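All remarks here apply to the structure that follows.
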Amino acid sequence: MKVGPACRGVNHAARVGVVLAALVSLGLSSCGRPTDAAPVRVTRVFGEVGMDAGQFSYPRCIDATDTDVWIIDKLARVQRLDAKTGACLGGWRMPEWENGKPTGVTLWTPPAGGVMRVIIADTHYHRVMIYDPRGVSPPERIMEGRGDVVASFGSYGEGDGQFIYPTDVAVLPSRDGRGIARLYVSEYGGHDRINVFEPAAGEAVGDERAFVFRFAFGAFGSGPGAEFNRPQSIAIDREAGELLVADACNHRIGRFTLDGTLVAWVGHGVGRGLGQMQYPYGITDIGRGRVMVAEFGGNRVQEFDLRAGRAVGVYGQAGRNVGELASPWGVAVSGGTVLILDSGNNRVQGMAVPGGMFTRLRDVEAGG
Amino acid sequence: MRRAVTSWSARGAAFVAALAAVVLVGWPGAVVAWDVVRAGLGGAIKPGSAAVSFGLLANTLGWAGGIALGATLAGIPAAVWIARRGWGGAGWVLVPMLLPSYLCYAGYGLLRAPRTMLGDWIEQAAQHGASWLPVFAGRVIAAAGLMLWAWPLASVVLAVGLRNVPRDALEAVRLDGRGVAWRAWMRARLLGGWIVGAWGLVALVMMGSAVPLHLAQAPTYSVRVWFEMSVAPGSAGAWVSAWPLIVLAALSAGVIVRHLVREPGATPEGRLGLAARRGAWRGLAVMLMLSVGVPWAMMAWTVDSFASLGRFWQLSGEGLAVSGAVALAVGVVLAGLAGSVWMAAASFDPVARRVALACVGVMVFAVFVPGVLVGQATAQAWEWNPVLRDWPGLVVVGHVARFGGVAGVLGWALARSESSGARDARRLDGATGGMGFLAAVAPGRWPACVGVGLAGACLSLHEIETSVFLQVPGTPGLAPTLLGYLHYSRMGDLSAAGVWIVGLGLAGAWMVGVCVRRGARRHAGVQP
């Protein structure tokens with residue numbers, strides 16, 4: 001049988017196919033992971049996927065004290081765990097969750113002593129809720145528990161005291177350390193800004209239950225001024241008396257005075273290099289003007305020296321092994337350990353604070 | 001009496017298909033079955049895991065049936081257009097299905113974003129008592145979005161039906177003096193089985209784990225199974241609870257295989273009147289606008305800035321490259337798979353044909369199993385090996401398992417499309433082996449294999465469900481990135497991504513259309 005143009009055409013297709021297959025193989029084999037980051041020197045790991053106490057279903061926010069760590073996941077569970085072992089000590093479930101789950105949790109204990117408060121940015125219900133942790137349900141009853149709500153404020157909208165999607169809360173204690181002087185609440189959703197609330201009673205007396213809106217700063221945008229595109233996480237630098245903002249979709253960290261004046265932006269744009277970021281979602285102060293930033297898109301944690309305005313370390317890379325990270329949403333400090341919320345792997349990994357951690361100075365006072 | 005002809009090349013092609021079926025579906029299925037049996041014997045499965053929730057089943061059927069009904073009605077104009085114009089234009093009809101299934105959900109979802117009239121009204125109403133409203137709105141958009149994605153599937157089935165209806169019957173209806181409604185009713189009666197088939201096929205696809213249903217938290221079996229797998233990956237209890245879906249997939253595969261082996265009847269072309277042609281073209285244009293044009297325009301309108309369009313490549317370029325490489329690999333394998341089935345099915349070797357048909361049945365079964373289950377099964381089958389566990393190629397394996405049935409059906413259909421006269425002439429000419437296939441059957445039709453490879457590549461590029469349990473956490477990939485945008489309301493980035501993806505998708509659809517057009521040409525030269 002004569003092999004004519006038809007077979008030549010098929011031969012040509014076969015050759016093209018071989019070349020394509022070779023390219024694909026080359027492409028897949030070279031799909032490695034970046035190796036410029038230092039490995040996370042893990043000192044502790046706890047958590048795994050699941051619905052039982054101490055397990056997580058895509059955890060999205062974290063905060064910690066020296067003894068406890070609090071985590072909220074996509075089952076809307078607020079869990080209190082032992083910071084060293086990860087053992088669940090109890091918790092509750094958010095009262096509503098169908099529209100979405102919270103993305104920010106803040107623990108606050110008055111420096112002068114007093115009852116701790118768990119402050120939750122209930123993102124998709126446009127409110128901030130303050131809980132008394134003594135209302136925690138035992139581990140086996142977390143799904144039924146609803147917590148002890150001390151205060152709740154916020155509603156949908158763009159007006160004073162309203163939120164679209166609140167993401168995080170930072171607490172400024174009062175001068176005497178007994179109460180709250182201010183609450184800073186970050187939000188996104190097209191009306192991105194930082195809202196400032198103060199106790200309705202005026203002078204802070206401790207155990208505040210009502211807060212009033214005072215002012216807000218920032219606007220949606222990507223400009224060099226006070227513009228935000230999803231301020232996902234905020235924290236207060238106690239030593240410098242500044243508010244730090246993880247401006248996630250602008251891939252930068254902002255330093256602001258406590259009255260909302262921009263001090264500086266830190267970060268060199270979007271990317272994988274040192275000083276660049278990909279969706280910084282979590283930020284925590286580790287002292288001496290340094291912060292640790294969890295990068296959701298970069299699958300790593302970066303250490304920044306805010307005074308120098310530059311990154312000084314980067315840790316972790318994408319993966320599921322210990323020391324690797326997958327879409328970390330948050331970072332917190334417990335004792336001398338940085339706890340990284342390794343959301344995509346449904347666990348927490350701890351690493352020693354780089355360079356050690358200085359003893360905290362006295363908290364910055366309002367107006368000081 | 002037909003004489004069987006042993007063909008080792010055809011048997012080799014059948015072996016390739018069999019290998020694919022075993023590696024992609026059979027082995028993972030066996031591993032899962034063994035895991036479940038072992039867990040059951042060890043008492044690790046909770047009692048009641050297999051219990052059917054009739055409420056959930058009713059919800060699932062309602063969702064799937066409702067979306068399918070809308071898709072079937074929406075697919076009529078395109079079906080009429082294909083019936084008149086031929087399959088050359090089918091590439092354009094398939095465009096919506098070659099784009100992400102969540103494109104319309106994302107695009108139309110912008111209508112209810114915060115700070116829009118509708119979005120603000122919904123949220124305000126929710127705060128004043130209608131707390132169910134936001135979730136309800138999301139589910140409506142999810143259903144509409146899936147309908148706008150799936151109508152091409154219905155239109156293909158309806159087009160086949162239209163081309164099988166006797167010309168005389170259609171002409172008689174057209175010439176009847178009674179009104180439009182009566183003529184539409186008569187045509188529907190003529191097409192009854194095909195309408196049910198189109199509806200049924202789309203409904204079966206919608207029984208799966210479509211991303212919009214997952215995002216909208218629709219109360220369906222697949223969404224529940226997805227949730228159970230996500231909190232307990234690979235658990236025997238989650239597999240047991242998915243048994244209705246697996247049984248349904250098996251039954252569906254059986255129906256498809258029965259249809260494939262039916263003797264083809266006469267295929268007269270139905271002739272439609274001029275008015276029907278114009279109306280069909282307009283209807284098709286409207287559907288394409290609603291499915292592609294409008295969502296794309298809304299995304300383009302809501303892009304933060306031109307800079308964000310460039311930022312898409314900075315943020316998602318690596319993921320796109322990885323997913324593109326995976327898609328390319330999937331396309332190459334699917335094209336080869338289609339060709340293997342085609343060669344085996346077109347042979348005169350009954351062993352090769354039976355093996356090929358069995359493989360097609362097995363792979364079609366995997367098409368109807370929800371993607372999350374296909375991905376999880378693939379993961380369980382290969383993750384025992386630490387090298388394979390983190391190998392990006394595992395995603396390729398999962399995607400080929402997911403879409404292999406499409407390639408198999410196409411290969412079988414290509415073989416069946418050879419006229420009996422051409423086939424007899426081939427037998428008499430001695431062109432019964434591999435070279436005969438390449439010389440006499442493949443020319444002019446092989447672009448269809450390339451087309452299915454391209455289509456498979458497009459489907460792979462946007463496949464999320466299968467990838468969820470296969471991709472190493474944190475590693476770049478387009479679909480997980482976009483799912484993250486959808487889940488976490490990063491609408492600015494999503495809009496920028498949507499603008500690029502639709503553009504790339506249209507380019508891919510154009511290439512598919514070229515291949516389909518070339519493959520639809522009749523094989524020249526071998527006529528009785």
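Chains: A, B, ... in order of the structure tokens. Residues: from 1 per chain. Ligands: from 1, in order shown.
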
For a quick test of understanding: name the residues of chain B lying within 9 Å of chain A when counting only C-alpha atoms, and present them as a VMD selection string. chain B and resid 113 to 115 120 123 to 124 127 132 134 to 135 217 230 to 233 304 311 314 to 315 321 to 322 325 to 326 328 to 329 332 390 to 393 431 435 to 436 438 to 440 442 to 444 446 472 to 476 481 489 to 493

Keeping N, CA and C atoms, export the residues of the selection given above as a compact mmCIF listing (two decimals), in the first residue's frame.
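So the final result, stored in again09.txt, reads:
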# COMPACT_ATOMS: atom_id res chain seq x y z
N ALA B 113 -21.86 42.15 44.79
CA ALA B 113 -20.69 42.47 45.62
C ALA B 113 -21.05 43.65 46.53
N PRO B 114 -20.29 43.80 47.62
CA PRO B 114 -20.53 44.97 48.47
C PRO B 114 -20.42 46.26 47.67
N ARG B 115 -21.19 47.23 48.05
CA ARG B 115 -21.20 48.56 47.46
C ARG B 115 -21.89 48.59 46.09
N ASP B 120 -25.81 45.75 48.46
CA ASP B 120 -26.19 46.50 49.65
C ASP B 120 -27.60 46.14 50.07
N GLU B 123 -27.61 42.75 51.84
CA GLU B 123 -27.03 42.78 53.20
C GLU B 123 -27.93 43.53 54.17
N GLN B 124 -28.51 44.63 53.70
CA GLN B 124 -29.40 45.38 54.59
C GLN B 124 -30.62 44.52 54.95
N GLN B 127 -29.81 42.01 57.54
CA GLN B 127 -29.69 42.55 58.89
C GLN B 127 -31.05 42.90 59.48
N TRP B 132 -31.55 34.66 55.54
CA TRP B 132 -31.38 33.60 54.55
C TRP B 132 -31.01 34.17 53.19
N PRO B 134 -28.65 36.27 51.74
CA PRO B 134 -27.34 36.19 51.08
C PRO B 134 -27.02 34.80 50.55
N VAL B 135 -27.29 33.78 51.35
CA VAL B 135 -27.01 32.42 50.89
C VAL B 135 -27.93 32.07 49.72
N GLN B 217 -22.46 26.46 48.87
CA GLN B 217 -22.86 25.52 49.94
C GLN B 217 -24.21 24.89 49.62
N SER B 230 -12.83 16.59 52.88
CA SER B 230 -11.87 17.64 53.25
C SER B 230 -11.53 17.57 54.73
N VAL B 231 -12.47 17.12 55.56
CA VAL B 231 -12.15 17.04 56.99
C VAL B 231 -11.60 15.67 57.37
N ALA B 232 -11.75 14.70 56.52
CA ALA B 232 -11.21 13.37 56.79
C ALA B 232 -10.81 12.73 55.47
N PRO B 233 -9.71 13.20 54.87
CA PRO B 233 -9.35 12.72 53.54
C PRO B 233 -9.16 11.21 53.50
N ASP B 304 -9.31 46.49 39.08
CA ASP B 304 -8.88 47.66 39.86
C ASP B 304 -8.17 48.69 38.99
N ARG B 311 -0.22 42.56 37.11
CA ARG B 311 0.09 41.87 38.36
C ARG B 311 -0.38 40.43 38.32
N GLN B 314 2.48 38.38 37.57
CA GLN B 314 3.43 38.28 38.67
C GLN B 314 2.92 37.29 39.72
N LEU B 315 1.63 37.38 40.01
CA LEU B 315 1.08 36.56 41.09
C LEU B 315 0.72 35.16 40.63
N ALA B 321 1.78 28.64 34.45
CA ALA B 321 2.77 27.83 33.73
C ALA B 321 2.68 26.37 34.16
N VAL B 322 2.59 26.17 35.47
CA VAL B 322 2.50 24.79 35.96
C VAL B 322 1.22 24.13 35.46
N ALA B 325 1.45 23.37 31.82
CA ALA B 325 2.23 22.16 31.54
C ALA B 325 1.39 20.91 31.83
N VAL B 326 0.67 20.96 32.93
CA VAL B 326 -0.21 19.82 33.27
C VAL B 326 -1.26 19.64 32.19
N LEU B 328 -1.19 20.59 29.10
CA LEU B 328 -0.58 20.10 27.86
C LEU B 328 -0.36 18.59 27.92
N ALA B 329 0.16 18.14 29.06
CA ALA B 329 0.38 16.70 29.22
C ALA B 329 -0.94 15.95 29.15
N VAL B 332 -2.12 15.80 25.53
CA VAL B 332 -1.36 14.84 24.72
C VAL B 332 -1.83 13.41 25.03
N ASP B 390 4.69 13.63 46.10
CA ASP B 390 4.91 15.04 45.83
C ASP B 390 5.22 15.31 44.37
N TRP B 391 4.98 14.34 43.53
CA TRP B 391 5.27 14.50 42.11
C TRP B 391 4.15 15.28 41.43
N PRO B 392 4.47 16.36 40.74
CA PRO B 392 3.41 17.14 40.09
C PRO B 392 2.66 16.34 39.03
N GLY B 393 3.28 15.32 38.49
CA GLY B 393 2.64 14.50 37.48
C GLY B 393 1.42 13.77 37.99
N ALA B 431 -6.84 -3.61 4.00
CA ALA B 431 -6.35 -2.57 4.92
C ALA B 431 -6.95 -2.78 6.30
N MET B 435 -1.32 -0.16 9.61
CA MET B 435 -0.98 0.71 8.48
C MET B 435 -2.21 1.02 7.65
N GLY B 436 -3.08 0.02 7.54
CA GLY B 436 -4.32 0.27 6.82
C GLY B 436 -5.17 1.32 7.52
N LEU B 438 -4.00 3.73 9.39
CA LEU B 438 -3.36 5.03 9.21
C LEU B 438 -3.56 5.58 7.80
N ALA B 439 -3.60 4.68 6.85
CA ALA B 439 -3.69 5.13 5.47
C ALA B 439 -5.12 5.41 5.04
N ALA B 440 -6.04 4.58 5.55
CA ALA B 440 -7.39 4.64 4.99
C ALA B 440 -8.40 5.29 5.92
N ALA B 442 -7.56 7.15 9.18
CA ALA B 442 -7.14 8.32 9.95
C ALA B 442 -7.10 9.63 9.16
N PRO B 443 -6.69 9.58 7.89
CA PRO B 443 -6.54 10.85 7.18
C PRO B 443 -7.83 11.65 7.18
N GLY B 444 -7.72 12.91 7.42
CA GLY B 444 -8.87 13.80 7.42
C GLY B 444 -9.65 13.78 8.73
N TRP B 446 -8.03 12.61 11.80
CA TRP B 446 -7.18 12.66 12.98
C TRP B 446 -7.20 14.01 13.69
N VAL B 472 0.11 19.24 45.81
CA VAL B 472 0.82 19.43 47.06
C VAL B 472 0.44 20.80 47.61
N PRO B 473 0.04 20.87 48.88
CA PRO B 473 -0.42 22.15 49.43
C PRO B 473 0.61 23.24 49.24
N GLY B 474 0.14 24.40 48.80
CA GLY B 474 1.01 25.56 48.67
C GLY B 474 1.72 25.66 47.33
N THR B 475 1.73 24.59 46.55
CA THR B 475 2.45 24.66 45.28
C THR B 475 1.60 25.40 44.26
N PRO B 476 2.26 26.03 43.30
CA PRO B 476 1.51 26.90 42.39
C PRO B 476 0.59 26.10 41.46
N THR B 481 -5.38 28.81 42.80
CA THR B 481 -5.27 30.26 42.95
C THR B 481 -6.62 30.93 42.75
N SER B 489 -12.85 36.25 48.58
CA SER B 489 -13.36 37.54 48.11
C SER B 489 -12.27 38.49 47.67
N ARG B 490 -11.28 37.97 46.96
CA ARG B 490 -10.26 38.86 46.39
C ARG B 490 -10.74 39.21 44.98
N MET B 491 -11.79 40.03 44.94
CA MET B 491 -12.50 40.21 43.68
C MET B 491 -11.68 40.98 42.66
N GLY B 492 -10.87 41.92 43.12
CA GLY B 492 -10.04 42.67 42.18
C GLY B 492 -9.10 41.74 41.42
N ASP B 493 -8.43 40.88 42.17
CA ASP B 493 -7.51 39.93 41.54
C ASP B 493 -8.28 38.93 40.68

Contacts of Arg182 of chain A at 9 Å (only C-alpha atoms; same-chain gap of 3+ positions) as a list of chain:residue names: A:Ala170, A:Val171, A:Leu172, A:Pro173, A:Ser174, A:Val196, A:Phe197, A:Glu198, A:Pro199, A:Phe211, A:Ala366

Best match for closeness to Val118 of chain A among A:Ile62, A:Val301, A:Val291, A:Ala83, counting only C-alpha atoms: A:Ile62

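The protein and nucleic acid residues lying at most 6 Å from segment 58-64 of chain B are Phe54, Ala203, Met206, Met207 and Thr220 of chain B, with only C-alpha atoms considered and sequence neighbours fewer than 4 positions away removed.
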
Could the residues in this selection be saved with all heavy atoms as a short mmCIF file (atom, residue, chain, number, x, y, z; two decimals), in the first residue's frame?
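Writing the result to again_29.cif gives the following:
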data_model
loop_
_atom_site.label_atom_id
_atom_site.label_comp_id
_atom_site.auth_asym_id
_atom_site.auth_seq_id
_atom_site.Cartn_x
_atom_site.Cartn_y
_atom_site.Cartn_z
N PHE B 54 -32.74 10.89 52.37
CA PHE B 54 -33.66 11.12 51.25
C PHE B 54 -33.88 12.60 51.00
O PHE B 54 -34.11 13.01 49.86
CB PHE B 54 -34.98 10.38 51.50
CG PHE B 54 -34.83 8.89 51.39
CD1 PHE B 54 -34.80 8.10 52.53
CD2 PHE B 54 -34.68 8.29 50.16
CE1 PHE B 54 -34.65 6.73 52.43
CE2 PHE B 54 -34.52 6.91 50.06
CZ PHE B 54 -34.49 6.13 51.20
N ALA B 203 -27.85 16.62 33.70
CA ALA B 203 -28.18 16.35 35.11
C ALA B 203 -27.11 15.46 35.75
O ALA B 203 -26.70 15.69 36.90
CB ALA B 203 -29.56 15.70 35.22
N MET B 206 -24.18 17.49 36.55
CA MET B 206 -24.46 18.38 37.68
C MET B 206 -24.58 17.64 39.00
O MET B 206 -24.57 18.27 40.05
CB MET B 206 -25.76 19.15 37.42
CG MET B 206 -25.63 20.20 36.32
SD MET B 206 -24.33 21.39 36.70
CE MET B 206 -23.35 21.29 35.22
N MET B 207 -24.70 16.33 38.95
CA MET B 207 -24.70 15.57 40.20
C MET B 207 -23.30 15.57 40.80
O MET B 207 -23.11 15.17 41.95
CB MET B 207 -25.12 14.12 39.95
CG MET B 207 -26.50 13.97 39.39
SD MET B 207 -27.77 14.01 40.65
CE MET B 207 -27.62 12.38 41.33
N THR B 220 -26.24 19.38 48.43
CA THR B 220 -26.26 18.22 47.54
C THR B 220 -25.32 17.15 48.06
O THR B 220 -24.45 17.42 48.90
CB THR B 220 -25.83 18.59 46.11
OG1 THR B 220 -24.43 18.96 46.14
CG2 THR B 220 -26.63 19.76 45.56
#

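When atom CA of Thr302 of chain B is paired with atom CA of Glu227 of chain A, their separation reads 18.1 Å.
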
I want to know what sits within 9 Å of Ala200 of chain A, based on only C-alpha atoms, with residues of the same chain fewer than 5 positions away left out; could you give that as a list in words?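 The neighbour list is Glu208, Arg209, Ala210, Phe211, Val212 and Phe213 of chain A.
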
Keeping C-alpha atoms for every residue in the selection just given, could you write it to a file as a CSV table (one decimal), in the first residue's frame?
chain,number,residue,atom,x,y,z
A,208,GLU,CA,-15.8,47.8,78.6
A,209,ARG,CA,-19.0,46.6,77.0
A,210,ALA,CA,-19.9,49.4,74.7
A,211,PHE,CA,-17.7,51.2,72.1
A,212,VAL,CA,-18.3,54.2,70.0
A,213,PHE,CA,-16.8,55.1,66.7

Skipping near chain neighbours, those fewer than 3 positions away, what residues fall within 6 Å of segment 350-362 of chain B using only C-alpha atoms, listed as an MDAnalysis selection string? chainID B and resid 10:11 14 18 21 253 257 341 344:345 365 408

Written selection (N, CA and C atoms) as a compact mmCIF listing (two decimals), in the first residue's frame:
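As a result, selection.txt now contains:
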# COMPACT_ATOMS: atom_id res chain seq x y z
N ALA B 10 -4.08 -3.52 16.25
CA ALA B 10 -5.33 -3.12 16.92
C ALA B 10 -5.34 -3.63 18.35
N ARG B 11 -4.84 -4.82 18.54
CA ARG B 11 -4.80 -5.34 19.91
C ARG B 11 -3.81 -4.54 20.75
N ALA B 14 -5.64 -1.52 21.73
CA ALA B 14 -6.58 -1.87 22.80
C ALA B 14 -5.84 -2.07 24.12
N ALA B 18 -6.48 -0.30 27.58
CA ALA B 18 -6.72 -1.10 28.79
C ALA B 18 -5.76 -0.68 29.89
N ALA B 21 -7.02 2.43 31.39
CA ALA B 21 -8.20 2.20 32.24
C ALA B 21 -7.79 1.58 33.58
N ALA B 253 -22.65 5.05 33.11
CA ALA B 253 -21.66 4.50 32.17
C ALA B 253 -22.27 3.35 31.38
N VAL B 257 -22.56 3.18 27.33
CA VAL B 257 -21.96 2.07 26.58
C VAL B 257 -23.03 1.38 25.73
N VAL B 341 -8.24 4.11 21.17
CA VAL B 341 -9.59 3.54 21.15
C VAL B 341 -10.13 3.51 19.72
N ALA B 344 -8.49 0.66 17.79
CA ALA B 344 -9.01 -0.65 18.21
C ALA B 344 -10.44 -0.85 17.78
N ALA B 345 -11.25 0.20 17.92
CA ALA B 345 -12.68 0.07 17.60
C ALA B 345 -12.92 -0.01 16.10
N PHE B 365 -17.25 5.82 33.37
CA PHE B 365 -17.63 5.75 34.78
C PHE B 365 -16.90 6.83 35.57
N GLY B 408 -12.27 8.55 25.21
CA GLY B 408 -12.69 7.22 24.80
C GLY B 408 -13.96 7.24 23.96

Would you compute the distance between atom CA of Ser53 of chain B and atom CA of Ala210 of chain B? Give it in Å to one decimal.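 For atom CA of Ser53 of chain B relative to atom CA of Ala210 of chain B, the distance reads 20.1 Å.
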